[in-house]
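Data file: entry_22.tsv. Format and content: TSV, C-alpha atoms and all ligand atoms.
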```
chain	number	residue	atom	x	y	z
A	1	MET	CA	10.24	93.68	188.95
A	2	LEU	CA	12.20	90.47	188.25
A	3	ARG	CA	13.83	90.47	184.77
A	4	ILE	CA	13.87	87.07	183.09
A	5	ALA	CA	15.58	86.12	179.80
A	6	VAL	CA	13.79	83.54	177.65
A	7	PRO	CA	15.04	81.88	174.41
A	8	ASN	CA	13.48	83.51	171.35
A	9	LYS	CA	14.23	80.64	168.91
A	10	GLY	CA	15.69	77.17	168.59
A	11	SER	CA	14.76	73.99	170.39
A	12	LEU	CA	14.60	75.63	173.83
A	13	SER	CA	12.09	78.36	172.95
A	14	GLU	CA	8.79	76.45	172.63
A	15	PRO	CA	9.21	74.19	175.70
A	16	ALA	CA	10.42	77.18	177.77
A	17	ALA	CA	7.36	79.24	176.74
A	18	GLU	CA	5.13	76.24	177.50
A	19	MET	CA	6.63	75.79	180.96
A	20	LEU	CA	6.27	79.49	181.87
A	21	ALA	CA	2.64	79.46	180.67
A	22	GLU	CA	1.96	76.39	182.84
A	23	ALA	CA	3.52	78.29	185.73
A	24	GLY	CA	0.89	81.02	185.25
A	25	TYR	CA	2.93	83.66	183.42
A	26	ARG	CA	1.84	85.67	180.36
A	27	ARG	CA	2.58	84.15	176.99
A	28	ARG	CA	3.99	86.09	174.06
A	29	ARG	CA	1.50	86.35	171.16
A	30	GLY	CA	3.82	87.52	168.39
A	31	ARG	CA	7.48	88.45	168.09
A	32	GLU	CA	7.71	90.97	170.95
A	33	LEU	CA	11.25	91.38	172.32
A	34	VAL	CA	10.03	92.45	175.75
A	35	LEU	CA	6.89	91.23	177.52
A	36	PRO	CA	5.90	92.89	180.79
A	37	ASP	CA	3.84	90.74	183.15
A	38	PRO	CA	3.05	93.17	186.00
A	39	ASP	CA	0.38	90.93	187.55
A	40	ASN	CA	3.12	88.40	188.26
A	41	GLY	CA	5.85	90.96	189.06
A	42	VAL	CA	8.14	89.95	186.17
A	43	GLU	CA	9.35	91.20	182.81
A	44	PHE	CA	10.44	88.78	180.07
A	45	PHE	CA	13.21	89.52	177.55
A	46	PHE	CA	13.28	87.29	174.46
A	47	LEU	CA	16.93	86.74	173.53
A	48	ARG	CA	19.09	84.32	171.54
A	49	PRO	CA	19.68	81.20	173.66
A	50	ARG	CA	23.45	81.59	173.39
A	51	ASP	CA	23.31	85.21	174.60
A	52	ILE	CA	21.18	84.52	177.67
A	53	ALA	CA	24.12	83.48	179.88
A	54	VAL	CA	25.94	86.67	178.87
A	55	TYR	CA	23.08	88.93	180.00
A	56	VAL	CA	22.56	86.97	183.22
A	57	GLY	CA	26.34	86.93	183.84
A	58	GLU	CA	26.43	90.73	183.54
A	59	GLY	CA	23.46	90.99	185.90
A	60	THR	CA	21.40	93.13	183.50
A	61	VAL	CA	18.73	90.45	183.80
A	62	ASP	CA	18.21	88.53	187.03
A	63	ALA	CA	17.54	85.06	185.66
A	64	GLY	CA	17.15	83.17	182.42
A	65	ILE	CA	16.37	79.86	180.79
A	66	THR	CA	19.16	78.34	178.70
A	67	GLY	CA	21.00	75.05	178.14
A	68	ARG	CA	23.63	73.83	180.62
A	69	ASP	CA	25.99	73.34	177.65
A	70	LEU	CA	25.44	76.94	176.50
A	71	LEU	CA	26.06	78.23	180.04
A	72	LEU	CA	29.34	76.33	180.30
A	73	ASP	CA	30.44	77.36	176.82
A	74	SER	CA	29.78	81.04	177.61
A	75	GLY	CA	32.38	80.91	180.39
A	76	VAL	CA	30.44	83.56	182.34
A	77	GLU	CA	29.78	83.52	186.05
A	78	ALA	CA	26.10	82.75	186.33
A	79	THR	CA	24.73	80.11	188.64
A	80	GLU	CA	22.72	77.07	187.57
A	81	HIS	CA	19.70	77.39	189.85
A	82	ARG	CA	17.39	74.56	188.77
A	83	ALA	CA	17.35	71.86	186.06
A	84	LEU	CA	14.13	72.09	184.04
A	85	GLY	CA	13.84	68.58	182.57
A	86	PHE	CA	13.55	69.40	178.84
A	87	ALA	CA	16.05	69.68	175.93
A	88	ARG	CA	17.98	66.78	177.43
A	89	SER	CA	21.06	65.81	175.45
A	90	THR	CA	24.64	64.66	175.79
A	91	PHE	CA	27.63	66.45	174.36
A	92	ARG	CA	30.00	64.07	172.59
A	93	PHE	CA	32.94	63.59	170.29
A	94	ALA	CA	32.28	61.67	167.08
A	95	ALA	CA	34.37	60.51	164.13
A	96	PRO	CA	33.91	58.29	161.05
A	97	ALA	CA	32.67	54.88	162.26
A	98	GLY	CA	35.46	52.61	163.49
A	99	THR	CA	38.28	55.17	163.32
A	100	MET	CA	38.61	56.47	166.91
A	101	ASP	CA	38.02	55.06	170.36
A	102	ASP	CA	39.84	57.36	172.77
A	103	VAL	CA	40.00	61.12	173.39
A	104	ALA	CA	43.83	60.96	173.34
A	105	GLN	CA	43.62	60.14	169.62
A	106	ILE	CA	42.28	63.64	168.96
A	107	ALA	CA	45.84	65.02	169.44
A	108	GLY	CA	46.98	66.84	166.31
A	109	LYS	CA	43.52	66.58	164.69
A	110	ARG	CA	40.92	69.21	163.73
A	111	VAL	CA	37.72	69.27	165.85
A	112	ALA	CA	34.64	71.03	164.47
A	113	THR	CA	32.15	72.39	167.01
A	114	SER	CA	29.81	75.26	167.90
A	115	TYR	CA	30.98	74.97	171.51
A	116	ASP	CA	34.63	76.07	171.23
A	117	VAL	CA	35.20	77.01	174.87
A	118	LEU	CA	33.68	73.83	176.24
A	119	VAL	CA	35.72	71.64	173.86
A	120	ALA	CA	38.99	73.57	174.26
A	121	ASP	CA	38.69	73.45	178.09
A	122	TYR	CA	37.95	69.72	178.01
A	123	LEU	CA	40.92	68.91	175.78
A	124	ARG	CA	43.29	71.22	177.70
A	125	GLU	CA	42.36	69.57	181.01
A	126	ARG	CA	43.35	66.23	179.47
A	127	GLY	CA	46.55	67.55	177.89
A	128	VAL	CA	45.31	66.91	174.33
A	129	GLU	CA	46.47	69.48	171.76
A	130	ALA	CA	44.13	69.86	168.81
A	131	LYS	CA	42.78	72.56	166.50
A	132	VAL	CA	39.23	73.66	167.28
A	133	VAL	CA	37.29	74.73	164.14
A	134	HIS	CA	34.27	76.91	164.93
A	135	LEU	CA	31.01	76.28	163.05
A	136	ASP	CA	27.56	77.74	163.72
A	137	GLY	CA	25.61	74.50	163.13
A	138	ALA	CA	25.23	71.36	160.99
A	139	VAL	CA	28.57	70.38	162.53
A	140	GLU	CA	28.10	66.72	161.52
A	141	SER	CA	28.85	67.62	157.87
A	142	ALA	CA	32.31	68.99	158.69
A	143	VAL	CA	34.12	65.65	158.33
A	144	GLN	CA	32.48	64.68	155.03
A	145	LEU	CA	33.26	68.13	153.67
A	146	GLY	CA	36.90	67.85	154.71
A	147	ILE	CA	37.31	70.72	157.16
A	148	ALA	CA	37.64	68.56	160.28
A	149	ASP	CA	38.62	65.03	161.37
A	150	VAL	CA	36.39	64.92	164.45
A	151	VAL	CA	33.22	66.71	165.59
A	152	ALA	CA	32.00	67.60	169.08
A	153	ASP	CA	28.27	68.23	169.22
A	154	VAL	CA	24.90	67.84	170.92
A	155	VAL	CA	23.52	64.29	170.60
A	156	GLU	CA	19.95	63.37	171.40
A	157	THR	CA	18.81	60.35	169.37
A	158	GLY	CA	22.11	60.05	167.47
A	159	SER	CA	20.32	59.99	164.12
A	160	THR	CA	22.08	63.09	162.75
A	161	LEU	CA	25.47	61.53	163.52
A	162	ARG	CA	24.50	58.20	161.95
A	163	SER	CA	23.26	59.83	158.77
A	164	ALA	CA	26.68	61.51	158.43
A	165	GLY	CA	28.47	58.16	158.93
A	166	LEU	CA	29.85	59.21	162.32
A	167	GLU	CA	30.08	57.32	165.61
A	168	VAL	CA	30.54	58.66	169.14
A	169	PHE	CA	33.72	57.79	171.05
A	170	GLY	CA	35.14	58.58	174.49
A	171	GLU	CA	33.09	59.58	177.53
A	172	PRO	CA	30.34	62.21	177.12
A	173	LEU	CA	31.77	65.70	177.83
A	174	LEU	CA	28.57	66.50	179.72
A	175	GLN	CA	24.88	65.79	180.15
A	176	SER	CA	22.86	68.85	179.27
A	177	GLU	CA	19.29	70.02	179.71
A	178	ALA	CA	17.46	73.32	179.98
A	179	VAL	CA	18.30	75.10	183.22
A	180	LEU	CA	17.15	78.18	185.11
A	181	ILE	CA	20.23	80.31	185.71
A	182	ARG	CA	20.55	83.30	188.03
A	183	SER	CA	22.84	86.27	188.20
A	184	LYS	CA	25.24	86.59	191.13
A	185	LYS	CA	23.42	89.83	191.98
A	186	ALA	CA	19.99	88.14	192.24
A	187	THR	CA	19.24	86.67	195.64
A	188	GLN	CA	17.57	83.28	196.12
A	189	ASN	CA	14.76	85.23	197.75
A	190	GLU	CA	14.08	87.39	194.69
A	191	LEU	CA	13.77	84.24	192.61
A	192	SER	CA	11.69	82.32	195.12
A	193	VAL	CA	8.23	82.75	193.54
A	194	LEU	CA	9.45	81.98	190.00
A	195	ASP	CA	11.44	79.02	191.31
A	196	ARG	CA	8.53	77.59	193.33
A	197	ARG	CA	6.24	77.93	190.32
A	198	LEU	CA	8.69	76.12	188.02
A	199	GLN	CA	9.21	73.42	190.62
A	200	GLY	CA	5.41	73.10	190.80
A	201	VAL	CA	5.27	72.51	187.03
A	202	LEU	CA	8.02	69.87	187.24
A	203	VAL	CA	6.22	68.02	190.03
A	204	ALA	CA	2.81	68.28	188.31
A	205	ARG	CA	4.41	66.83	185.15
A	206	SER	CA	6.08	63.88	186.82
A	207	TYR	CA	3.66	62.88	189.61
A	208	VAL	CA	0.04	61.74	189.75
A	209	LEU	CA	-2.41	61.40	192.63
A	210	ILE	CA	-3.51	57.91	193.53
A	211	ASP	CA	-6.68	57.18	195.53
A	212	TYR	CA	-7.88	53.81	196.73
A	213	ASP	CA	-10.00	52.05	199.33
A	214	VAL	CA	-8.57	49.37	201.59
A	215	SER	CA	-9.78	47.39	204.59
A	216	ALA	CA	-8.38	48.16	208.07
A	217	GLU	CA	-6.35	44.93	208.22
A	218	LYS	CA	-4.71	45.52	204.82
A	219	LEU	CA	-4.08	49.24	205.36
A	220	GLU	CA	-0.44	48.98	206.49
A	221	ASP	CA	0.55	46.74	203.54
A	222	ALA	CA	-1.09	49.11	201.06
A	223	VAL	CA	0.40	52.26	202.59
A	224	ARG	CA	3.90	50.74	202.31
A	225	VAL	CA	3.39	50.72	198.52
A	226	THR	CA	2.44	54.43	198.49
A	227	PRO	CA	4.51	56.32	201.09
A	228	GLY	CA	3.81	59.62	199.21
A	229	PHE	CA	5.92	62.78	199.51
A	230	GLU	CA	5.53	63.16	203.28
A	231	SER	CA	2.93	60.65	204.34
A	232	PRO	CA	-0.33	59.50	202.68
A	233	THR	CA	-3.70	60.92	203.73
A	234	VAL	CA	-5.82	58.19	205.32
A	235	SER	CA	-9.54	58.87	205.94
A	236	PRO	CA	-12.13	56.49	207.43
A	237	LEU	CA	-14.94	55.38	205.11
A	238	HIS	CA	-18.54	55.76	206.27
A	239	ASN	CA	-18.92	51.97	206.58
A	240	GLY	CA	-16.45	52.07	209.48
A	241	ALA	CA	-14.53	49.00	208.24
A	242	SER	CA	-12.18	50.44	205.62
A	243	TYR	CA	-10.18	53.50	204.65
A	244	ALA	CA	-9.70	55.81	201.69
A	245	VAL	CA	-6.04	56.59	201.01
A	246	ARG	CA	-4.58	59.38	198.88
A	247	ALA	CA	-0.90	59.77	197.96
A	248	MET	CA	1.38	61.13	195.22
A	249	VAL	CA	3.29	58.65	193.07
A	250	ALA	CA	5.74	59.06	190.20
A	251	LYS	CA	3.77	59.08	186.93
A	252	ASP	CA	5.98	56.46	185.28
A	253	ALA	CA	5.49	54.10	188.24
A	254	ALA	CA	1.68	54.49	188.39
A	255	ASN	CA	0.75	51.22	186.67
A	256	ARG	CA	3.23	49.14	188.67
A	257	VAL	CA	1.96	50.78	191.89
A	258	MET	CA	-1.69	50.04	190.92
A	259	ASP	CA	-0.82	46.36	190.34
A	260	GLU	CA	0.96	46.15	193.71
A	261	LEU	CA	-1.93	47.87	195.49
A	262	TYR	CA	-4.42	45.48	193.95
A	263	GLU	CA	-2.30	42.52	195.07
A	264	ALA	CA	-2.18	44.06	198.58
A	265	GLY	CA	-6.00	44.14	198.68
A	266	ALA	CA	-6.76	47.74	197.67
A	267	ARG	CA	-9.78	48.35	195.42
A	268	ALA	CA	-11.36	51.33	193.59
A	269	ILE	CA	-7.85	52.46	192.67
A	270	LEU	CA	-7.99	55.75	190.79
A	271	VAL	CA	-5.19	57.82	189.28
A	272	THR	CA	-5.64	61.52	188.53
A	273	SER	CA	-3.23	64.01	187.05
A	274	ILE	CA	-2.02	67.05	188.96
A	275	HIS	CA	-2.80	70.33	187.22
A	276	ALA	CA	-0.58	72.54	189.37
A	277	CYS	CA	1.05	72.38	192.78
A	278	ARG	CA	3.35	74.06	195.29
A	279	ILE	CA	5.46	71.58	197.18
B	301	LIG	N1	18.16	67.68	169.17
B	301	LIG	C1	18.26	68.21	170.38
B	301	LIG	N2	17.75	67.58	171.46
B	301	LIG	C2	17.83	68.10	172.69
B	301	LIG	N3	18.40	69.29	172.95
B	301	LIG	C3	18.92	69.95	171.93
B	301	LIG	C4	18.89	69.47	170.59
B	301	LIG	N4	19.47	70.37	169.77
B	301	LIG	C5	19.86	71.38	170.58
B	301	LIG	N5	19.55	71.13	171.86
B	301	LIG	C6	19.80	71.96	173.02
B	301	LIG	O1	19.30	73.26	172.72
B	301	LIG	C7	20.23	74.24	173.14
B	301	LIG	C8	20.72	74.99	171.92
B	301	LIG	O2	19.73	75.81	171.55
B	301	LIG	P1	19.91	76.68	170.23
B	301	LIG	O3	18.61	77.33	170.05
B	301	LIG	O4	21.16	77.46	170.27
B	301	LIG	O5	20.23	75.61	169.17
B	301	LIG	P2	19.25	74.82	168.28
B	301	LIG	O6	18.07	74.33	169.02
B	301	LIG	O7	20.15	73.84	167.67
B	301	LIG	O8	18.76	75.95	167.28
B	301	LIG	P3	19.45	76.45	165.94
B	301	LIG	O9	20.45	75.40	165.58
B	301	LIG	O10	18.29	76.54	165.01
B	301	LIG	O11	20.05	77.77	166.27
B	301	LIG	C9	21.37	73.52	173.80
B	301	LIG	O12	21.19	73.53	175.20
B	301	LIG	C10	21.29	72.13	173.23
B	301	LIG	O13	21.80	71.14	174.13
B	302	LIG	O1	20.98	63.24	168.04
B	302	LIG	P1	19.90	63.91	167.25
B	302	LIG	O2	18.51	63.52	167.71
B	302	LIG	O3	20.10	63.73	165.79
B	302	LIG	O4	19.96	65.48	167.58
B	302	LIG	C1	21.16	66.18	167.61
B	302	LIG	C2	21.21	67.26	166.56
B	302	LIG	O5	20.18	68.23	166.84
B	302	LIG	C3	20.78	69.53	166.82
B	302	LIG	O6	20.84	70.00	165.54
B	302	LIG	P2	19.88	71.10	164.87
B	302	LIG	O7	18.76	70.43	164.15
B	302	LIG	O8	19.50	72.09	165.89
B	302	LIG	O9	20.79	71.76	163.77
B	302	LIG	P3	22.17	72.54	163.99
B	302	LIG	O10	23.25	71.50	164.02
B	302	LIG	O11	22.27	73.41	162.79
B	302	LIG	O12	22.09	73.29	165.26
B	302	LIG	C4	22.21	69.25	167.30
B	302	LIG	O13	23.08	70.29	166.95
B	302	LIG	C5	22.54	67.95	166.61
B	302	LIG	O14	23.00	68.20	165.31
B	303	MG	MG	21.13	73.35	166.59
```
Using the file provided, produce a representation of the structure as structure tokens.
Amino acid sequence: MLRIAVPNKGSLSEPAAEMLAEAGYRRRRGRELVLPDPDNGVEFFFLRPRDIAVYVGEGTVDAGITGRDLLLDSGVEATEHRALGFARSTFRFAAPAGTMDDVAQIAGKRVATSYDVLVADYLRERGVEAKVVHLDGAVESAVQLGIADVVADVVETGSTLRSAGLEVFGEPLLQSEAVLIRSKKATQNELSVLDRRLQGVLVARSYVLIDYDVSAEKLEDAVRVTPGFESPTVSPLHNGASYAVRAMVAKDAANRVMDELYEAGARAILVTSIHACRI
């Protein structure tokens, strides 16, 4: 039975649970720590997001869902297997507005963060010597409260930084999102069903099916607009003069594609969402 670690709280937990449910796995009803799902050949362990890389690194669980930033900060040897498209953020330095514009200026300063390893590695690689002050959260308050000169933290909209009077500077340390990680002991094969299911959810979330009718002479122009994943399905209509075409298109391009198809002569253009898929 495949052992999978899932975040039990924080901003990763709800979207991770949602994604696994969409992939057909059992959903936790209460606060269970362990949830067997024998019908799907897996067992879920609900753990703190920060600890997940540690368990996967030790190989006591085969795979887990965590943040790329948390994986890198853990310093353990677990492999990022697939990006999952939620909890997207950047990891950045910030200081009082207008005071800093380069990472080199951090030398000799105090940097507050919850991601000590990630920050210390980054500064060491650039030859910048600074004091890293560890905090569990609400890192943006550290400058106002006088325990640090600079912060390094997760930024999504930037509103938390702004409300603390801080401004980002330097390049982002990394782009993070939720990732499926696997232990070195787990083979790609053992993860293949879970991985295909998660990939199916990602595709179902970001693609739609488009159907339309088009005359024989306009078929080639229309098909160029919708090349699909492999190749669109083209079926003759009963009237013998036109075709029905079906293809997948990126959800965020659907309206542009419909406009282009209409211009190319397609009619009865319909878009439907994909509930689930295996690519
Ligand atoms: N506002 C946010 N937007 C996007 N991703 C975020 C945000 N805050 C945290 N994350 C991501 O969530 C993961 C951290 O999860 P974790 O549960 O430890 O922290 P949290 O969501 O801040 O919860 P808490 O602070 O309550 O412990 C990291 O991968 C981080 O990049
Ligand atoms: O750029 P924003 O959209 O403002 O989001 C980023 C903030 O969200 C998270 O904080 P969280 O609410 O989890 O509190 P924490 O700092 O205590 O972890 C993160 O640590 C940042 O502080
Ligand atoms: Mg937080």
Inset, instruction - Using only C-alpha atoms and all ligand atoms, determine which residues fall within 8 Å of ligand MG 303 (chain B), then list them as JSON, numbers by chain. - result: {"A": [10, 11, 137, 138, 154]}
Legend entry - Atom pair atom CA of A:Arg124 / atom O10 of ligand LIG 301 (chain B): separation (Å):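 So the answer is 28.5 Å.
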Throw together the list of residues within 6 Å of ligand LIG 302 (chain B), counting only C-alpha atoms and all ligand atoms, and drop it here as a compact mmCIF listing (two decimals) with C-alpha atoms, in the frame of the given file.
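Final file, selection-v2.txt:
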```txt
# COMPACT_ATOMS: atom_id res chain seq x y z
CA GLY A 137 25.61 74.50 163.13
CA ALA A 138 25.23 71.36 160.99
CA VAL A 139 28.57 70.38 162.53
CA VAL A 154 24.90 67.84 170.92
CA VAL A 155 23.52 64.29 170.60
CA GLU A 156 19.95 63.37 171.40
CA THR A 157 18.81 60.35 169.37
CA GLY A 158 22.11 60.05 167.47
CA SER A 159 20.32 59.99 164.12
CA THR A 160 22.08 63.09 162.75
```
Could you make a table, as a tab-separated table, of the residues of chain A that have an atom within 6 Å of an atom of ligand LIG 301 (chain B), each with its nearest atom pair and distance in Å to one decimal, counting all atoms listed in the file, in chain and number order?
```
residue	atom	partner	partner_atom	distance
A:Lys9	CA	B:LIG301	O3	5.6
A:Gly10	CA	B:LIG301	O3	3.3
A:Ser11	CA	B:LIG301	O6	3.6
A:Leu12	CA	B:LIG301	O1	5.4
A:Pro49	CA	B:LIG301	O4	5.3
A:Arg50	CA	B:LIG301	O4	5.7
A:Gly67	CA	B:LIG301	O12	3.3
A:Arg68	CA	B:LIG301	O12	6.0
A:Asp69	CA	B:LIG301	O12	5.4
A:Leu70	CA	B:LIG301	O12	5.6
A:Ala87	CA	B:LIG301	N3	3.8
A:Arg88	CA	B:LIG301	C2	4.9
A:Ser89	CA	B:LIG301	C2	4.8
A:Gly137	CA	B:LIG301	O9	5.8
A:Val154	CA	B:LIG301	O13	5.6
A:Glu156	CA	B:LIG301	N2	4.8
A:Ser176	CA	B:LIG301	O13	5.7
```
Legend entry - Length of the atom CA of A:Arg29 to atom CA of A:Glu80 vector [Å]: 28.4 Å
Inset, instruction - Go through A:Gly228, A:Gly170, A:Gly85, A:Gly127 and flag the residue nearest A:Val150, using only C-alpha atoms for the distances. - result: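 Among the listed residues, the smallest separation from A:Val150 belongs to A:Gly170.
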Legend entry - Contacts of A:Leu47 at 12 Å (only C-alpha atoms; same-chain gap of 5+ positions) as a PyMOL selection string: chain A and resi 4-10+12-13+31-35+52-56+61+64-66
Would you mind exporting the chosen residues as a compact mmCIF listing (two decimals), in the frame of the given file, restricted to C-alpha atoms?
```txt
# COMPACT_ATOMS: atom_id res chain seq x y z
CA ILE A 4 13.87 87.07 183.09
CA ALA A 5 15.58 86.12 179.80
CA VAL A 6 13.79 83.54 177.65
CA PRO A 7 15.04 81.88 174.41
CA ASN A 8 13.48 83.51 171.35
CA LYS A 9 14.23 80.64 168.91
CA GLY A 10 15.69 77.17 168.59
CA LEU A 12 14.60 75.63 173.83
CA SER A 13 12.09 78.36 172.95
CA ARG A 31 7.48 88.45 168.09
CA GLU A 32 7.71 90.97 170.95
CA LEU A 33 11.25 91.38 172.32
CA VAL A 34 10.03 92.45 175.75
CA LEU A 35 6.89 91.23 177.52
CA ILE A 52 21.18 84.52 177.67
CA ALA A 53 24.12 83.48 179.88
CA VAL A 54 25.94 86.67 178.87
CA TYR A 55 23.08 88.93 180.00
CA VAL A 56 22.56 86.97 183.22
CA VAL A 61 18.73 90.45 183.80
CA GLY A 64 17.15 83.17 182.42
CA ILE A 65 16.37 79.86 180.79
CA THR A 66 19.16 78.34 178.70
```
Report as CSV: every residue of stretch 74-161 of chain A with an atom at most 12 Å from stretch 201-225 of chain A, its closest pair of atoms, and their distance in Å to one decimal, counting all atoms listed in the file, with rows sorted by chain and ascending residue number.
```
residue,atom,partner,partner_atom,distance
A:Arg82,CA,A:Leu202,CA,10.6
A:Ala83,CA,A:Leu202,CA,9.6
A:Leu84,CA,A:Leu202,CA,7.2
A:Gly85,CA,A:Leu202,CA,7.6
A:Phe86,CA,A:Leu202,CA,10.1
```
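In terms of minimum interatomic distance to A:Phe169, A:Val151 ranks closest within A:Val151, A:Val117, A:Phe45, A:Pro38, counting only C-alpha atoms.
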Counting all atoms listed in the file, what are the residues of stretch 65-120 of chain A within 12 Å of stretch 161-168 of chain A, and for each of them which pair of atoms is the nearest and at what distance in Å, to one decimal? Sort the table by chain and rising number, as CSV.
```
residue,atom,partner,partner_atom,distance
A:Thr90,CA,A:Val168,CA,10.7
A:Phe91,CA,A:Val168,CA,9.8
A:Arg92,CA,A:Val168,CA,6.4
A:Phe93,CA,A:Val168,CA,5.6
A:Ala94,CA,A:Val168,CA,4.0
A:Ala95,CA,A:Leu166,CA,5.0
A:Pro96,CA,A:Leu166,CA,4.4
A:Ala97,CA,A:Glu167,CA,4.9
A:Gly98,CA,A:Glu167,CA,7.5
A:Thr99,CA,A:Glu167,CA,8.8
A:Met100,CA,A:Val168,CA,8.7
A:Asp101,CA,A:Val168,CA,8.4
A:Asp102,CA,A:Val168,CA,10.1
A:Val103,CA,A:Val168,CA,10.7
```
Inset, instruction - Go ahead and compute the interatomic distance for atom CA of A:Val143 and atom CA of A:Ala130, in Å to one decimal. - result: 15.1 Å
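If only C-alpha atoms are the atoms counted, then among A:Glu260, A:Asp62, A:Gly41, A:Arg3 the closest residue to A:Arg182 is A:Asp62.
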Inset, instruction - Kindly indicate which residue among A:Leu237, A:Ala21, A:Ser242, A:Cys277 lies nearest to A:Gly265, using only C-alpha atoms for the distances. - result: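 Counting only C-alpha atoms, the residue closest to A:Gly265 is A:Ser242.
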Inset, instruction - Find, counting only C-alpha atoms, the residue in A:Thr113, A:Asp73, A:Asp149, A:Tyr122 that gets nearest to A:Leu135. - result: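 Smallest separation from A:Leu135 among the options: A:Thr113.
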Inset, instruction - Just the residues within 9 Å of A:Ala104, please, counting only C-alpha atoms, with nothing from its chain fewer than 6 positions along; format it as a list of chain:residue names. - result: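 Listed by chain and then number, they are A:Leu123, A:Arg126, A:Gly127, A:Val128.
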Start from the incomplete input, build N, CA and C atoms for stretch 218-236 of chain A, and deliver everything as an mmCIF file, in the coordinates of the input.
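Done, and the output landed in rebuild34.cif:
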```
data_model
loop_
_atom_site.group_PDB
_atom_site.id
_atom_site.type_symbol
_atom_site.label_atom_id
_atom_site.label_comp_id
_atom_site.auth_asym_id
_atom_site.auth_seq_id
_atom_site.Cartn_x
_atom_site.Cartn_y
_atom_site.Cartn_z
ATOM 1 N N LYS A 218 -5.681 45.476 205.933
ATOM 2 C CA LYS A 218 -4.710 45.520 204.820
ATOM 3 C C LYS A 218 -4.088 46.906 204.652
ATOM 4 N N LEU A 219 -4.521 47.846 205.502
ATOM 5 C CA LEU A 219 -4.080 49.240 205.360
ATOM 6 C C LEU A 219 -2.557 49.380 205.375
ATOM 7 N N GLU A 220 -1.889 48.786 206.358
ATOM 8 C CA GLU A 220 -0.440 48.980 206.490
ATOM 9 C C GLU A 220 0.313 48.466 205.267
ATOM 10 N N ASP A 221 -0.104 47.299 204.732
ATOM 11 C CA ASP A 221 0.550 46.740 203.540
ATOM 12 C C ASP A 221 0.388 47.692 202.355
ATOM 13 N N ALA A 222 -0.823 48.232 202.200
ATOM 14 C CA ALA A 222 -1.090 49.110 201.060
ATOM 15 C C ALA A 222 -0.300 50.416 201.181
ATOM 16 N N VAL A 223 -0.273 50.981 202.371
ATOM 17 C CA VAL A 223 0.400 52.260 202.590
ATOM 18 C C VAL A 223 1.913 52.145 202.332
ATOM 19 N N ARG A 224 2.461 50.954 202.606
ATOM 20 C CA ARG A 224 3.900 50.740 202.310
ATOM 21 C C ARG A 224 4.195 50.904 200.827
ATOM 22 N N VAL A 225 3.197 50.595 199.977
ATOM 23 C CA VAL A 225 3.390 50.720 198.520
ATOM 24 C C VAL A 225 3.338 52.189 198.095
ATOM 25 N N THR A 226 2.614 53.021 198.857
ATOM 26 C CA THR A 226 2.440 54.430 198.490
ATOM 27 C C THR A 226 2.809 55.353 199.657
ATOM 28 N N PRO A 227 4.114 55.470 199.954
ATOM 29 C CA PRO A 227 4.510 56.320 201.090
ATOM 30 C C PRO A 227 4.282 57.813 200.831
ATOM 31 N N GLY A 228 4.084 58.210 199.527
ATOM 32 C CA GLY A 228 3.810 59.620 199.210
ATOM 33 C C GLY A 228 5.024 60.507 199.414
ATOM 34 N N PHE A 229 4.834 61.813 199.344
ATOM 35 C CA PHE A 229 5.920 62.780 199.510
ATOM 36 C C PHE A 229 6.301 62.866 200.982
ATOM 37 N N GLU A 230 5.281 63.100 201.829
ATOM 38 C CA GLU A 230 5.530 63.160 203.280
ATOM 39 C C GLU A 230 4.942 61.922 203.922
ATOM 40 N N SER A 231 3.639 61.788 203.768
ATOM 41 C CA SER A 231 2.930 60.650 204.340
ATOM 42 C C SER A 231 1.546 60.656 203.686
ATOM 43 N N PRO A 232 0.977 59.492 203.359
ATOM 44 C CA PRO A 232 -0.330 59.500 202.680
ATOM 45 C C PRO A 232 -1.452 59.975 203.596
ATOM 46 N N THR A 233 -2.503 60.529 202.965
ATOM 47 C CA THR A 233 -3.700 60.920 203.730
ATOM 48 C C THR A 233 -4.577 59.685 203.872
ATOM 49 N N VAL A 234 -4.970 59.359 205.088
ATOM 50 C CA VAL A 234 -5.820 58.190 205.320
ATOM 51 C C VAL A 234 -7.104 58.676 206.007
ATOM 52 N N SER A 235 -8.268 58.421 205.350
ATOM 53 C CA SER A 235 -9.540 58.870 205.940
ATOM 54 C C SER A 235 -10.466 57.670 206.117
ATOM 55 N N PRO A 236 -11.212 57.618 207.230
ATOM 56 C CA PRO A 236 -12.130 56.490 207.430
ATOM 57 C C PRO A 236 -13.308 56.564 206.459
#
```
